[in-house]
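Have a look at run_20.txt; it's compact mmCIF, C-alpha atoms:
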# COMPACT_ATOMS: atom_id res chain seq x y z
CA MET A 1 -29.13 128.97 100.62
CA LYS A 2 -25.81 127.21 100.90
CA LEU A 3 -23.32 126.83 98.06
CA SER A 4 -23.55 123.03 98.24
CA ASP A 5 -27.32 123.19 97.64
CA ILE A 6 -26.79 125.23 94.48
CA ILE A 7 -24.12 122.82 93.22
CA VAL A 8 -26.35 119.79 93.87
CA GLY A 9 -29.26 121.49 92.09
CA ILE A 10 -27.18 122.33 89.03
CA ALA A 11 -25.77 118.79 88.96
CA MET A 12 -29.27 117.28 89.05
CA ALA A 13 -30.43 119.59 86.26
CA LEU A 14 -27.37 118.68 84.17
CA LEU A 15 -28.02 114.96 84.73
CA ALA A 16 -31.62 115.35 83.56
CA VAL A 17 -30.55 117.32 80.47
CA MET A 18 -27.86 114.78 79.61
CA LEU A 19 -30.19 111.82 80.08
CA SER A 20 -32.82 113.38 77.84
CA TYR A 21 -30.11 114.14 75.24
CA LEU A 22 -29.08 110.47 75.39
CA MET A 23 -32.65 109.34 74.93
CA VAL A 24 -33.36 111.65 72.02
CA TYR A 25 -30.13 111.20 70.07
CA GLY A 26 -29.28 107.65 71.16
CA GLY A 27 -25.69 108.39 72.07
CA LEU A 28 -23.33 110.98 73.50
CA GLY A 29 -21.54 111.54 70.22
CA PRO A 30 -22.58 111.63 66.59
CA ILE A 31 -24.08 108.44 65.16
CA ALA A 32 -21.53 106.18 63.46
CA SER A 33 -20.79 107.38 59.97
CA TYR A 34 -21.70 105.32 56.93
CA ASN A 35 -18.16 104.18 56.24
CA ILE A 36 -17.94 102.44 59.65
CA ARG A 37 -21.29 100.64 59.52
CA PRO A 38 -20.14 97.90 57.09
CA LEU A 39 -17.89 96.63 59.90
CA ALA A 40 -20.93 95.81 62.06
CA ALA A 41 -22.71 94.35 59.03
CA ALA A 42 -19.70 92.11 58.33
CA PHE A 43 -19.63 90.80 61.90
CA LEU A 44 -23.36 90.10 61.85
CA ASN A 45 -23.14 88.37 58.47
CA ASN A 46 -20.15 86.20 59.31
CA THR A 47 -20.52 85.33 63.00
CA TYR A 48 -22.70 82.35 62.18
CA ASN A 49 -22.33 81.57 58.50
CA PRO A 50 -22.05 77.84 57.66
CA TRP A 51 -21.69 78.63 53.94
CA GLN A 52 -18.61 80.81 54.44
CA LYS A 53 -16.67 78.96 57.11
CA ILE A 54 -13.43 80.72 56.23
CA TYR A 55 -14.82 83.98 57.68
CA SER A 56 -17.10 82.55 60.35
CA ALA A 57 -16.78 81.61 64.03
CA LEU A 58 -19.89 79.41 63.74
CA SER A 59 -21.36 80.80 66.95
CA PRO A 60 -24.74 82.58 67.07
CA GLU A 61 -23.50 84.93 69.80
CA ALA A 62 -21.62 87.75 68.07
CA VAL A 63 -20.02 89.17 71.21
CA THR A 64 -18.42 85.87 72.20
CA ALA A 65 -17.29 85.32 68.62
CA ILE A 66 -15.53 88.69 68.64
CA VAL A 67 -14.10 88.26 72.14
CA TRP A 68 -12.68 84.77 71.76
CA ASP A 69 -12.18 84.41 68.00
CA TYR A 70 -11.81 87.65 66.05
CA ARG A 71 -9.77 89.27 68.83
CA GLY A 72 -8.81 86.13 70.76
CA LEU A 73 -5.20 87.14 71.40
CA ASP A 74 -6.36 90.37 73.02
CA THR A 75 -8.68 88.46 75.35
CA TYR A 76 -5.90 86.05 76.22
CA PHE A 77 -3.76 88.92 77.44
CA GLU A 78 -6.70 90.37 79.36
CA THR A 79 -6.99 87.07 81.19
CA SER A 80 -3.25 87.15 81.81
CA VAL A 81 -3.55 90.63 83.32
CA LEU A 82 -6.03 89.30 85.86
CA PHE A 83 -3.69 86.41 86.53
CA ILE A 84 -0.82 88.82 87.12
CA ALA A 85 -3.01 90.68 89.62
CA ILE A 86 -3.62 87.39 91.44
CA VAL A 87 0.11 86.65 91.33
CA GLY A 88 0.72 90.06 92.88
CA LEU A 89 -1.77 89.28 95.64
CA VAL A 90 -0.14 85.92 96.30
CA ALA A 91 3.30 87.54 96.39
CA LEU A 92 2.04 90.17 98.84
CA PHE A 93 0.66 87.49 101.15
CA ARG A 94 3.57 85.08 100.62
CA GLY A 95 4.10 82.70 103.51
CA ALA A 96 0.59 83.17 104.88
CA ASN A 97 -1.54 80.09 105.17
CA ILE A 98 -4.84 79.03 106.69
CA VAL A 99 -4.30 77.88 110.29
CA GLN A 100 -6.82 75.47 111.80
CA GLY A 101 -8.47 76.19 115.13
CA ILE A 102 -8.41 80.00 115.40
CA SER A 103 -12.14 80.64 114.97
CA SER A 104 -13.69 77.80 113.04
CA LYS A 105 -17.28 78.28 114.18
CA GLY A 106 -18.58 80.24 111.22
CA LEU A 107 -22.05 81.75 111.29
CA SER A 108 -25.20 80.30 112.92
CA ILE A 109 -26.65 76.91 112.06
CA ILE A 110 -29.50 78.57 110.11
CA VAL A 111 -27.12 80.42 107.80
CA LYS A 112 -24.96 77.32 107.39
CA THR A 113 -27.86 75.08 106.38
CA SER A 114 -29.32 77.62 103.96
CA THR A 115 -25.88 78.11 102.40
CA LYS A 116 -25.47 74.36 102.09
CA ILE A 117 -28.71 74.07 100.11
CA ILE A 118 -28.02 77.02 97.83
CA VAL A 119 -24.35 76.33 96.98
CA PRO A 120 -24.89 73.47 94.48
CA LEU A 121 -27.63 75.49 92.77
CA ILE A 122 -25.36 78.52 92.36
CA LEU A 123 -22.56 76.32 91.03
CA VAL A 124 -24.75 74.60 88.44
CA ALA A 125 -26.28 77.91 87.32
CA GLY A 126 -22.76 79.35 86.86
CA ALA A 127 -21.74 76.25 84.92
CA SER A 128 -24.75 76.68 82.62
CA LEU A 129 -23.68 80.29 81.90
CA ALA A 130 -20.22 79.02 80.95
CA PHE A 131 -21.61 76.19 78.77
CA HIS A 132 -23.95 78.46 76.82
CA GLY A 133 -21.51 81.35 76.37
CA HIS A 134 -21.45 80.89 72.58
CA LEU A 135 -25.24 80.56 72.31
CA SER A 136 -26.61 83.23 74.63
CA PRO A 137 -25.31 86.17 76.69
CA GLY A 138 -22.88 84.98 79.33
CA GLY A 139 -19.58 83.23 78.94
CA GLY A 140 -16.55 81.94 80.76
CA PHE A 141 -15.75 84.96 82.90
CA GLN A 142 -19.38 85.55 83.84
CA GLY A 143 -19.95 81.90 84.67
CA GLY A 144 -16.75 81.73 86.71
CA SER A 145 -17.62 84.85 88.71
CA PHE A 146 -21.11 83.43 89.28
CA MET A 147 -19.60 80.24 90.72
CA THR A 148 -17.19 82.23 92.87
CA VAL A 149 -20.22 83.54 94.77
CA ALA A 150 -20.79 80.00 96.02
CA THR A 151 -17.23 79.51 97.26
CA ALA A 152 -17.19 82.98 98.82
CA LEU A 153 -20.45 82.16 100.62
CA LEU A 154 -18.91 78.93 101.91
CA ALA A 155 -15.83 80.80 103.08
CA VAL A 156 -17.88 83.36 105.01
CA ALA A 157 -20.64 81.10 106.39
CA PHE A 158 -18.47 78.10 107.26
CA SER A 159 -15.10 79.92 107.79
CA ILE A 160 -12.04 79.48 105.61
CA GLU A 161 -10.85 76.62 107.81
CA PHE A 162 -13.77 74.58 106.45
CA LEU A 163 -12.53 75.20 102.90
CA GLN A 164 -9.12 73.88 103.85
CA GLN A 165 -10.66 70.80 105.49
CA LYS A 166 -12.43 70.14 102.20
CA ARG A 167 -9.04 70.30 100.47
CA LEU A 168 -9.53 73.76 98.98
CA SER A 169 -6.28 75.17 100.35
CA LEU A 170 -4.51 78.20 98.88
CA ASN A 171 -2.16 76.02 96.84
CA THR A 172 -5.03 73.98 95.38
CA LEU A 173 -6.85 77.15 94.34
CA LEU A 174 -3.70 78.48 92.69
CA ALA A 175 -3.32 75.13 90.91
CA VAL A 176 -6.94 75.32 89.65
CA ARG A 177 -6.21 78.79 88.32
CA CYS A 178 -3.08 77.56 86.53
CA VAL A 179 -4.88 74.54 85.05
CA GLY A 180 -7.53 76.86 83.60
CA LEU A 181 -4.95 79.18 82.05
CA LEU A 182 -2.95 76.24 80.71
CA ALA A 183 -6.11 74.84 79.11
CA ILE A 184 -6.68 78.21 77.38
CA ALA A 185 -3.11 78.14 76.06
CA ILE A 186 -3.47 74.56 74.85
CA VAL A 187 -6.76 75.29 73.06
CA SER A 188 -5.24 78.34 71.35
CA VAL A 189 -2.32 76.41 69.83
CA TYR A 190 -4.06 73.04 69.43
CA LEU A 191 -4.72 73.40 65.68
CA LEU A 192 -1.27 74.85 65.06
CA ILE A 193 0.45 71.88 66.70
CA ASN A 194 -1.91 69.56 64.86
CA ALA A 195 -1.00 71.17 61.55
CA VAL A 196 2.74 71.18 62.23
CA LEU A 197 2.70 67.49 63.12
CA LEU A 198 0.72 66.67 59.96
CA GLY A 199 2.88 68.90 57.78
CA GLY A 200 0.26 71.55 57.00
CA TYR A 201 -0.28 75.18 57.91
CA ALA A 202 -2.48 76.82 60.54
CA TYR A 203 -2.62 79.95 62.72
CA ILE A 204 -2.61 80.33 66.47
CA PHE A 205 -6.16 80.99 67.75
CA GLN A 206 -7.49 79.34 64.61
CA ASN A 207 -11.09 78.24 64.96
CA MET A 208 -12.53 77.16 61.59
CA GLN A 209 -10.93 76.83 58.17
CA ARG A 210 -9.12 80.03 57.30
CA LEU A 211 -7.54 81.49 54.17
CA LEU A 212 -3.78 80.99 53.95
CA PHE A 213 -1.66 83.94 52.88
CA SER A 214 1.87 83.87 51.59
CA PRO A 215 4.17 85.60 54.09
CA ASN A 216 5.09 88.61 51.98
CA SER A 217 1.85 89.50 50.24
CA LEU A 218 -1.84 89.80 50.83
CA VAL A 219 -2.71 87.21 48.19
CA ALA A 220 -4.54 84.12 49.43
CA VAL A 221 -2.65 81.02 48.37
CA GLY A 222 -5.04 78.37 49.70
CA ILE A 223 -7.15 77.26 52.64
CA SER A 224 -5.98 75.82 55.95
CA GLN A 225 -8.38 72.89 56.27
CA TYR A 226 -7.87 72.32 60.01
CA SER A 227 -10.90 73.19 62.11
CA MET A 228 -12.22 72.66 65.62
CA PRO A 229 -15.44 70.65 66.09
CA TYR A 230 -18.33 73.01 65.42
CA TRP A 231 -21.37 70.87 66.26
CA PHE A 232 -22.36 68.97 69.41
CA LEU A 233 -25.53 66.86 69.35
CA ASP A 234 -28.09 69.40 68.16
CA ARG A 235 -26.52 72.81 68.70
CA PRO A 236 -23.43 74.61 67.35
CA LEU A 237 -20.32 74.36 69.51
CA GLY A 238 -18.50 77.35 68.10
CA GLY A 239 -15.20 75.44 67.88
CA THR A 240 -12.66 77.00 70.23
CA LEU A 241 -15.23 79.33 71.79
CA PHE A 242 -16.80 76.59 73.92
CA PHE A 243 -13.44 75.30 75.13
CA PHE A 244 -12.17 78.83 75.85
CA ASN A 245 -15.31 79.58 77.87
CA LEU A 246 -14.96 76.35 79.86
CA SER A 247 -11.25 76.91 80.61
CA GLU A 248 -11.83 80.56 81.46
CA SER A 249 -14.55 79.67 83.96
CA ILE A 250 -12.19 77.21 85.69
CA ALA A 251 -9.41 79.82 85.74
CA VAL A 252 -11.74 82.50 87.11
CA ILE A 253 -13.27 80.39 89.89
CA GLY A 254 -9.78 79.39 91.04
CA GLY A 255 -8.35 82.90 90.86
CA LEU A 256 -11.22 84.86 92.37
CA THR A 257 -11.75 82.34 95.19
CA LEU A 258 -8.05 82.55 95.96
CA GLY A 259 -8.33 86.33 96.13
CA ALA A 260 -11.39 86.15 98.40
CA VAL A 261 -9.76 83.63 100.76
CA LEU A 262 -6.54 85.66 100.94
CA LEU A 263 -8.51 88.76 101.91
CA LEU A 264 -10.41 86.73 104.56
CA LEU A 265 -7.22 85.59 106.34
CA ARG A 266 -7.28 86.35 110.08
CA GLU A 267 -4.85 88.53 112.01
CA ASN A 268 -3.05 85.58 113.60
CA GLU A 269 -2.27 84.11 110.21
CA LEU A 270 -0.99 87.40 108.84
CA LYS A 271 1.08 88.63 111.78
CA THR A 272 4.33 87.24 110.43
CA VAL A 273 3.55 88.48 106.94
CA ILE A 274 2.37 92.03 107.52
CA GLY A 275 4.11 92.62 110.84
CA GLY A 276 7.48 93.03 109.17
CA GLU A 277 10.68 93.29 111.15
CA GLU A 278 11.31 95.46 114.14
CA HIS A 279 13.26 98.57 113.18
CA GLU A 280 15.24 100.61 115.64
CA MET B 1 -29.53 51.87 99.76
CA LYS B 2 -26.35 53.92 99.67
CA PHE B 3 -26.86 55.47 96.26
CA LEU B 4 -30.39 56.76 96.80
CA LYS B 5 -29.22 59.98 98.40
CA TYR B 6 -26.90 60.64 95.47
CA ILE B 7 -29.82 60.16 93.09
CA ALA B 8 -32.02 62.50 95.13
CA VAL B 9 -29.40 65.27 95.20
CA PHE B 10 -28.70 64.76 91.51
CA LEU B 11 -32.38 65.12 90.65
CA LEU B 12 -32.58 68.37 92.66
CA ILE B 13 -29.54 69.91 90.94
CA TYR B 14 -30.45 68.70 87.45
CA THR B 15 -34.05 69.92 87.73
CA PHE B 16 -32.81 73.33 88.84
CA TYR B 17 -30.37 73.39 85.92
CA ILE B 18 -33.14 72.65 83.40
CA VAL B 19 -35.42 75.30 84.91
CA PHE B 20 -32.57 77.84 84.96
CA THR B 21 -31.50 77.28 81.35
CA ALA B 22 -35.13 76.89 80.17
CA SER B 23 -33.93 74.75 77.30
CA LEU B 24 -34.52 71.11 76.41
CA THR B 25 -31.93 70.80 73.63
CA GLY B 26 -29.65 67.77 73.65
CA PHE B 27 -26.65 70.12 73.94
CA SER B 28 -27.67 71.70 77.22
CA LEU B 29 -29.20 68.50 78.66
CA ALA B 30 -26.00 66.53 78.04
CA LEU B 31 -23.65 69.16 79.48
CA GLY B 32 -25.98 69.79 82.41
CA PHE B 33 -26.02 66.07 83.13
CA ILE B 34 -22.22 66.03 83.37
CA ALA B 35 -22.05 69.15 85.55
CA SER B 36 -24.84 67.96 87.86
CA ALA B 37 -23.24 64.53 88.23
CA LEU B 38 -19.88 66.13 89.14
CA LEU B 39 -21.48 68.46 91.70
CA THR B 40 -23.53 65.59 93.14
CA GLY B 41 -20.42 63.51 93.69
CA LEU B 42 -18.62 66.43 95.33
CA LEU B 43 -21.37 67.88 97.50
CA THR B 44 -23.66 65.03 98.57
CA PRO B 45 -21.50 64.11 101.62
CA ILE B 46 -21.90 67.70 102.86
CA LEU B 47 -25.61 67.95 102.04
CA VAL B 48 -27.03 64.65 103.32
CA GLN B 49 -25.49 62.83 106.25
CA ARG B 50 -27.80 59.84 106.69
CA ASP B 51 -28.98 57.29 104.14
CA ILE B 52 -32.46 57.78 102.72
CA GLY B 53 -35.08 55.21 101.80
CA ALA B 54 -38.69 54.73 100.75
CA ARG B 55 -40.05 56.06 104.07
CA ASP B 56 -38.67 59.48 103.12
CA LEU B 57 -41.35 59.75 100.44
CA LYS B 58 -43.83 60.29 103.28
CA ARG B 59 -41.66 63.13 104.55
CA LEU B 60 -41.59 64.63 101.04
CA ALA B 61 -45.39 64.46 100.88
CA TYR B 62 -45.52 66.28 104.24
CA LEU B 63 -43.14 68.91 102.85
CA ILE B 64 -45.41 69.63 99.86
CA LEU B 65 -48.47 69.65 102.13
CA TYR B 66 -46.69 72.00 104.53
CA TYR B 67 -45.66 74.32 101.72
CA LEU B 68 -49.26 74.67 100.50
CA TYR B 69 -50.63 75.07 104.04
CA TYR B 70 -47.95 77.60 104.95
CA MET B 71 -48.34 79.68 101.81
CA ILE B 72 -52.15 79.77 101.94
CA VAL B 73 -53.17 79.74 105.61
CA GLU B 74 -50.26 80.95 107.77
CA GLU B 75 -49.07 83.66 105.40
CA TYR B 76 -52.63 84.95 105.04
CA LYS B 77 -53.16 85.13 108.82
CA ALA B 78 -49.86 86.92 109.43
CA HIS B 79 -50.40 89.36 106.59
CA LYS B 80 -53.85 90.22 107.90
CA LEU B 81 -52.42 91.22 111.29
CA VAL B 82 -49.60 93.31 109.85
CA ILE B 83 -51.88 95.03 107.32
CA LYS B 84 -54.15 96.01 110.21
CA ILE B 85 -51.20 97.56 112.07
CA VAL B 86 -49.92 99.37 108.98
CA LEU B 87 -53.31 100.85 108.04
CA SER B 88 -54.50 101.86 111.51
CA ARG B 89 -54.07 105.50 112.56
CA LYS B 90 -52.72 104.70 116.01
CA MET B 91 -49.33 103.02 116.42
CA ASN B 92 -50.91 99.84 117.71
CA ILE B 93 -47.75 97.81 118.30
CA ARG B 94 -46.19 95.96 121.24
CA PRO B 95 -42.67 95.17 120.03
CA ALA B 96 -40.63 92.70 122.05
CA ILE B 97 -37.83 90.21 121.67
CA VAL B 98 -39.01 86.84 122.98
CA LYS B 99 -37.28 83.56 123.56
CA VAL B 100 -38.87 80.71 121.61
CA PRO B 101 -37.62 77.20 122.40
CA PHE B 102 -37.72 74.49 119.74
CA GLY B 103 -37.75 70.71 119.89
CA VAL B 104 -36.51 69.51 116.50
CA LYS B 105 -33.18 67.74 116.34
CA THR B 106 -31.84 68.15 112.79
CA ASP B 107 -30.22 71.22 111.22
CA TYR B 108 -32.70 71.21 108.36
CA GLY B 109 -35.63 71.21 110.79
CA VAL B 110 -34.18 74.18 112.70
CA THR B 111 -33.64 76.03 109.42
CA LEU B 112 -37.18 75.32 108.25
CA ILE B 113 -38.68 76.70 111.49
CA ALA B 114 -36.41 79.75 111.47
CA GLY B 115 -37.16 80.42 107.82
CA SER B 116 -40.90 80.09 108.40
CA ILE B 117 -40.81 82.46 111.39
CA THR B 118 -38.77 85.06 109.53
CA ASN B 119 -40.83 84.78 106.36
CA THR B 120 -44.12 85.42 108.13
CA PRO B 121 -44.64 89.17 108.51
CA GLY B 122 -44.49 90.44 112.07
CA THR B 123 -41.93 87.99 113.43
CA CYS B 124 -38.22 87.72 112.66
CA VAL B 125 -35.54 85.41 114.06
CA ILE B 126 -32.59 87.52 115.15
CA ASP B 127 -30.44 84.95 116.92
CA ILE B 128 -30.25 81.29 117.86
CA ASP B 129 -28.93 79.70 121.03
CA GLU B 130 -27.88 76.20 120.07
CA LYS B 131 -27.07 75.12 123.64
CA GLU B 132 -30.47 76.09 125.06
CA ARG B 133 -32.26 75.05 121.84
CA ALA B 134 -34.06 78.39 121.51
CA PHE B 135 -34.53 81.21 119.01
CA TYR B 136 -34.63 84.87 119.89
CA VAL B 137 -37.50 86.32 117.89
CA HIS B 138 -38.43 89.94 117.33
CA TRP B 139 -42.21 90.20 117.49
CA ILE B 140 -44.09 93.30 116.39
CA TYR B 141 -47.21 92.59 118.48
CA ALA B 142 -46.18 90.39 121.40
CA THR B 143 -49.14 88.75 123.06
CA ALA B 144 -47.02 86.67 125.43
CA LEU B 145 -43.54 87.08 126.86
CA GLU B 146 -42.99 83.66 128.48
CA PRO B 147 -41.00 81.27 126.26
CA GLU B 148 -43.58 78.47 126.24
CA LYS B 149 -46.53 80.75 125.55
CA ALA B 150 -44.61 82.54 122.79
CA ARG B 151 -43.79 79.16 121.29
CA GLU B 152 -47.48 78.32 121.31
CA ALA B 153 -48.32 81.54 119.46
CA ILE B 154 -45.42 81.76 117.01
CA SER B 155 -43.94 78.44 116.03
CA LYS B 156 -46.14 75.58 117.18
CA VAL B 157 -47.50 74.80 113.70
CA PHE B 158 -44.13 75.14 112.04
CA GLU B 159 -42.57 72.85 114.62
CA LYS B 160 -45.23 70.18 114.20
CA TYR B 161 -44.53 69.94 110.49
CA ALA B 162 -40.77 70.40 110.77
CA SER B 163 -40.46 67.45 113.12
CA LYS B 164 -42.53 65.34 110.72
CA ILE B 165 -40.51 66.45 107.68
CA PHE B 166 -36.95 66.50 108.98
CA GLY B 167 -37.15 64.90 112.42
I'd like the structure from this file rewritten - as structure tokens, please.
Amino acid sequence: MKLSDIIVGIAMALLAVMLSYLMVYGGLGPIASYNIRPLAAAFLNNTYNPWQKIYSALSPEAVTAIVWDYRGLDTYFETSVLFIAIVGLVALFRGANIVQGISSKGLSIIVKTSTKIIVPLILVAGASLAFHGHLSPGGGFQGGSFMTVATALLAVAFSIEFLQQKRLSLNTLLAVRCVGLLAIAIVSVYLLINAVLLGGYAYIFQNMQRLLFSPNSLVAVGISQYSMPYWFLDRPLGGTLFFFNLSESIAVIGGLTLGAVLLLLRENELKTVIGGEEHE
Amino acid sequence: MKFLKYIAVFLLIYTFYIVFTASLTGFSLALGFIASALLTGLLTPILVQRDIGARDLKRLAYLILYYLYYMIVEEYKAHKLVIKIVLSRKMNIRPAIVKVPFGVKTDYGVTLIAGSITNTPGTCVIDIDEKERAFYVHWIYATALEPEKAREAISKVFEKYASKIFG
């Protein structure tokens, strides 16, 4: 018997023991203590609570409410981190661009036709995930990634030259990304600007009415009455949550498609970029 | 009519959206309408090249008929053959790659035939030669090796319908 066999056997046994531990005790650590549980109860009570709008995000989906409302600033910086990664990629590939006529054939006619039929369906399914982010699991990032599958399929099946012919060049994709991020920024300060212009008070990332505090104490001095629309036709809109999800999906489809296209660039297009200079 | 093809593509996308979301609330119907309309405007020129009219309803009827026929009759026949091979004790196979010419003109017709061949157990399109208008098909029990005879055995039915549906 070899040593590797013994190690694999012990690893399998450990995995089985750990999985059964997980199933029996419901977690790797101790169950949350009683003094933490009220936090979860508070989120569940206030996520959709039309009678207590000052604490509520008015969205039935607690995860989205936490991600885009209760810790909205955090999520904004997460999005910015992804944007910085895209900026790094663009900087690395600076000067490279799609050149027409290198190998524009793409895959076979069967793959092309099937892709053609399935692309609009993928896009509309991704859009529905982004629209319903505040009502059901899903959201802006998920919807945007879903839609990126369609553009990536187009890039592979039809070649990236096809994307450029359809006016989806690298600069356009970067512009789409920037428009999405700008829309997130505008939504996050919309109520604040509104309040400043009307002479009132509001917070950044404000969604519904919120309690106003005096700057030096924790005593509520009133209520900021400004609030985003929270109802559309027959379902809750979740105020900023819907607009954040929509903007995020636009930002994600632009950014991820840009990344995919950059990584699909051919050797001829990259020679000047990655070749560098001749050193003696 | 120039707008008919837009309406047809819109109906396809919007129906898929409603089935995918499985919700008939005004909220999701309204937003889905906007998204489907946007996608229709963007993608119809890529999806449909020629104008469509009332005569295409006949083609649609053929498509539905073909779908039922294919799913019930052809799939059953092909499954029966492959099940026999799988369950028999001897390896009773004659694998070969055969050339199967096709006569349809449109891309959608070619795709329909190729999809039908691949989807039936036992045969699988592995390549297409667009200049010679022929598929290369892997066949698990080849009864004929000549292109025309293979066409007779593999794709004659599919081709008949594909030329009626897509031309």
(request) Residues of chain B near chain A: apply a cut-off of 9 Å, count all atoms listed in the file, and supply the list as a PyMOL selection string. (result) chain B and resi 12-14+16-17+20-21+25-28+30-32+35-36+39-40+43+46-47+107-108+110-112+114-115+127-130
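Compared by their closest atoms to Thr47 of chain A, and using all atoms listed in the file, the residues A:Leu258, A:Ala185, A:Met208, A:Val176 rank with A:Met208 nearest.
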(request) Measuring atom to atom with all atoms listed in the file, identify which of B:Ile117, B:Ile85, B:Ala61, B:Ile93 is nearest to Val157 of chain B. (result)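 For Val157 of chain B, the nearest of the candidates is B:Ile117.
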(message) For a test of reading the model, state the distance in Å between atom CA of Ser227 of chain A and atom CA of Ser247 of chain A, rounded to one decimal.
(response) 18.9 Å
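Distance-wise, atom CA of Thr79 of chain A and atom CA of Ser145 of chain A end up 13.2 Å apart.
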(message) Would you compute the distance between atom CA of Asn207 of chain A and atom CA of Pro60 of chain A? Give it in Å to one decimal.
(response)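 Value for the atom CA of Asn207 of chain A-atom CA of Pro60 of chain A distance: 14.5 Å.
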(request) Take the point (-3.8, 74.4, 112.8) in the file's coordinates, draw a sphere of radius 12 Å around it, and report as a ChimeraX atom specification every protein, DNA or RNA residue with an atom inside or on it, counting only C-alpha atoms. (result) /A:97-104,161-162,164-165,268-269
(request) Please tell me which residues are no farther than 12 Å from (-45.3, 64.0, 108.3) in the file, counting all atoms listed in the file, and write them as a PyMOL selection string. (result) chain B and resi 55-66+158-167
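The nearest approach to Ile86 of chain A among the residues A:Cys178, A:Leu3, A:Leu246, A:Ile186, with only C-alpha atoms taken into account, belongs to A:Cys178.
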(message) Would you pick out the contacts of Thr151 of chain A at 10 Å or less, using all atoms listed in the file, so that residues sharing its chain but fewer than 6 positions from it are not included, and give the list as a VMD selection string?
(response) chain A and resid 119 122 to 123 157 160 163 168 253 to 254 256 to 258 260 to 261
